[in-house]
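Please read the structure below before turning to the comments.
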Amino acid sequence: MEENEDLFDDSVSERINHSSSQRSLSTTVFNILCGLKNLFCSGMFVKGSAFVVGFWHPSKGLRAIMAVILLLVDMYFVIANLFTAFICRRSQTPLNAWLCGNTSSTNSSSTSNQIIGGIELVDILSLVGSSALLMSNATFFWCMWKLQQRTVYCVTLEKAFSTAGRSIWVTLNVSMLIFGFFLVVEVFWFYFNFKESSYGTFLNLMSGLPVLAILTSSWMFVVITSAMKHCVMQCQAEIRQNSIDCSLDDVIRIHKRLCKQMSSTSESLKVWFVTHWFMLAITTVIYVASMVSYFQQAIDSYILYQHLLRSFIHFYIFVYPSYCAASVKTQCNRMLRELNMTTDEDWPTEHPFCNRFQLALFLQYAQYTNCGFQVGEIAFGANFAWFSTLIAMCGLGVKVL
């Protein structure tokens, strides 16, 4: 009898231990999943990418070192593509063979796709693309350096990172995963398709650094424009809450401070935005126009995949920042539209907007401030965003015509 009781107690204890271990395992798995969810909803990936390419770091010295490495890599590929396009095809001396490498391995399928002077289309595309990456990355680093020095009204990176919501981070992290996956596929495809030396494989890996940098600059610009829209919402909330001893001039001062924030931040990013927009407009049109030729000819599948991926990346980094810049002006217009839709019942008695005439005066003033993301004296609005999309799609029309 006692033996049976001992066996019963042992079985019960084993069940208790097993259930407790299962609960402990499920709790651990749940904590890991929650941690991954919180990580995916944070800006750690964008910050890490910005740190790698030298666009953001608390230490200016380390940031400058990373940026110099990036710009040297950019310049190397510009010079290499320039040399390949105009020298390697024309001479077969040992010196040129050493500098150019085996150019026929990656372009052997495109020998019939030549333009003026026997220069191949793929070489021109590589040269134009690498030049656009160099100029965009260089100007963005310069603008980020200036952005840190403007701390009075300018929206700094620290403020932009702190005000970005989860939806922004999730969108950017999903974009990073998608582009990262396709870029990794390109690297492995190149390695198994061409069987290059270790040096050629290293160069192929390094060619992804400028692409990562220009994608990161676009994502950082998305975060900055999101912070600018947050400033607009703060201005609207302050106008609504400021009702004690408030006059129309006080409301105008609040809005004037918002306009200074917009203009100061826009001024810091103006050089990069204009350079990026202009260079990527040219690059996107050329890449999109050349897609017809690549589909019409029977070329290597890797070359086609690489061209399609580069075309989509250039289209993305050209159009997406344009829409983000236009969204700031849209947010400003939405604020004025919502204020215009109010009546005296929506405002406290002490507020000047309780008087419709005062509200009309403010709306008339605000319409002439041109508040938003500005390029010079022009606010980048929705019309410019649609114009950017039209330019990007012009390549197909040019090729068809």
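By order in the structure tokens, chains are A, B, ...; within a chain, residues start at 1; ligands start at 1, following the order shown.
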Can you list, as a compact mmCIF listing (two decimals) with N, CA and C atoms, in the first residue's frame, every protein, DNA or RNA residue that comes within 10 Å of Leu309 of chain A when you count only C-alpha atoms, leaving out same-chain residues fewer than 6 positions away?
```
# COMPACT_ATOMS: atom_id res chain seq x y z
N PHE A 179 14.03 44.81 -49.64
CA PHE A 179 15.21 45.16 -50.43
C PHE A 179 16.42 44.34 -50.02
N PHE A 182 16.21 40.82 -51.71
CA PHE A 182 16.52 40.79 -53.13
C PHE A 182 18.00 41.12 -53.41
N LEU A 183 18.61 41.98 -52.59
CA LEU A 183 20.03 42.27 -52.76
C LEU A 183 20.89 41.06 -52.39
N GLU A 186 20.79 38.68 -55.20
CA GLU A 186 21.67 39.12 -56.28
C GLU A 186 23.12 38.72 -56.01
N ILE A 303 21.64 39.15 -65.52
CA ILE A 303 21.69 40.55 -65.98
C ILE A 303 20.30 41.16 -65.97
N PHE A 315 13.58 53.78 -59.07
CA PHE A 315 12.22 54.31 -59.10
C PHE A 315 11.73 54.59 -57.67
```
Counting only C-alpha atoms, which residues of segment 118-220 of chain A sit at most 6 Å from some atom of segment 78-88 of chain A, and what is each one's closest atom pair with its distance in Å to one decimal, listed by chain and rising residue number, as JSON lines?
```
{"residue": "A:Asp123", "atom": "CA", "partner": "A:Ala85", "partner_atom": "CA", "distance": 5.2}
{"residue": "A:Leu127", "atom": "CA", "partner": "A:Asn81", "partner_atom": "CA", "distance": 5.1}
{"residue": "A:Ser130", "atom": "CA", "partner": "A:Val78", "partner_atom": "CA", "distance": 5.4}
{"residue": "A:Ser131", "atom": "CA", "partner": "A:Val78", "partner_atom": "CA", "distance": 5.9}
```
Quick one: write out the picked residues with all heavy atoms as a compact mmCIF listing (two decimals), in the first residue's frame?
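Once everything was written out, this is part06.txt:
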```txt
# COMPACT_ATOMS: atom_id res chain seq x y z
N ASP A 123 27.11 49.30 -69.61
CA ASP A 123 28.18 50.12 -69.05
C ASP A 123 27.72 51.55 -68.79
O ASP A 123 28.08 52.16 -67.77
CB ASP A 123 29.38 50.14 -70.01
CG ASP A 123 30.00 48.76 -70.18
OD1 ASP A 123 29.92 47.97 -69.21
OD2 ASP A 123 30.53 48.47 -71.26
N LEU A 127 27.49 53.43 -65.15
CA LEU A 127 28.16 54.71 -64.93
C LEU A 127 27.17 55.76 -64.42
O LEU A 127 27.47 56.48 -63.46
CB LEU A 127 28.82 55.17 -66.23
CG LEU A 127 29.52 56.54 -66.18
CD1 LEU A 127 30.63 56.53 -65.13
CD2 LEU A 127 30.08 56.90 -67.55
N SER A 130 26.04 54.79 -60.76
CA SER A 130 27.07 55.02 -59.74
C SER A 130 27.32 56.51 -59.53
O SER A 130 27.58 56.94 -58.39
CB SER A 130 28.37 54.32 -60.14
OG SER A 130 28.83 54.78 -61.39
N SER A 131 27.23 57.31 -60.58
CA SER A 131 27.40 58.77 -60.43
C SER A 131 26.26 59.36 -59.60
O SER A 131 26.49 60.23 -58.75
CB SER A 131 27.45 59.43 -61.81
OG SER A 131 28.52 58.92 -62.58
```
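Distance-wise, atom CA of Cys332 of chain A and atom CA of Ser226 of chain A end up 12.5 Å apart.
Atom pair atom CA of Met44 of chain A / atom CA of Asn173 of chain A has a distance of 9.2 Å (rounded to one decimal).
Considering the residues A:Glu338, A:Glu238, A:Glu158, A:Asp346 and counting only C-alpha atoms, Ile254 of chain A has its shortest atom-to-atom contact with A:Glu238.
With distances restricted to only C-alpha atoms, A:Phe312 is the closest residue to Ile178 of chain A from A:Trp145, A:Phe312, A:Trp56, A:Phe51.
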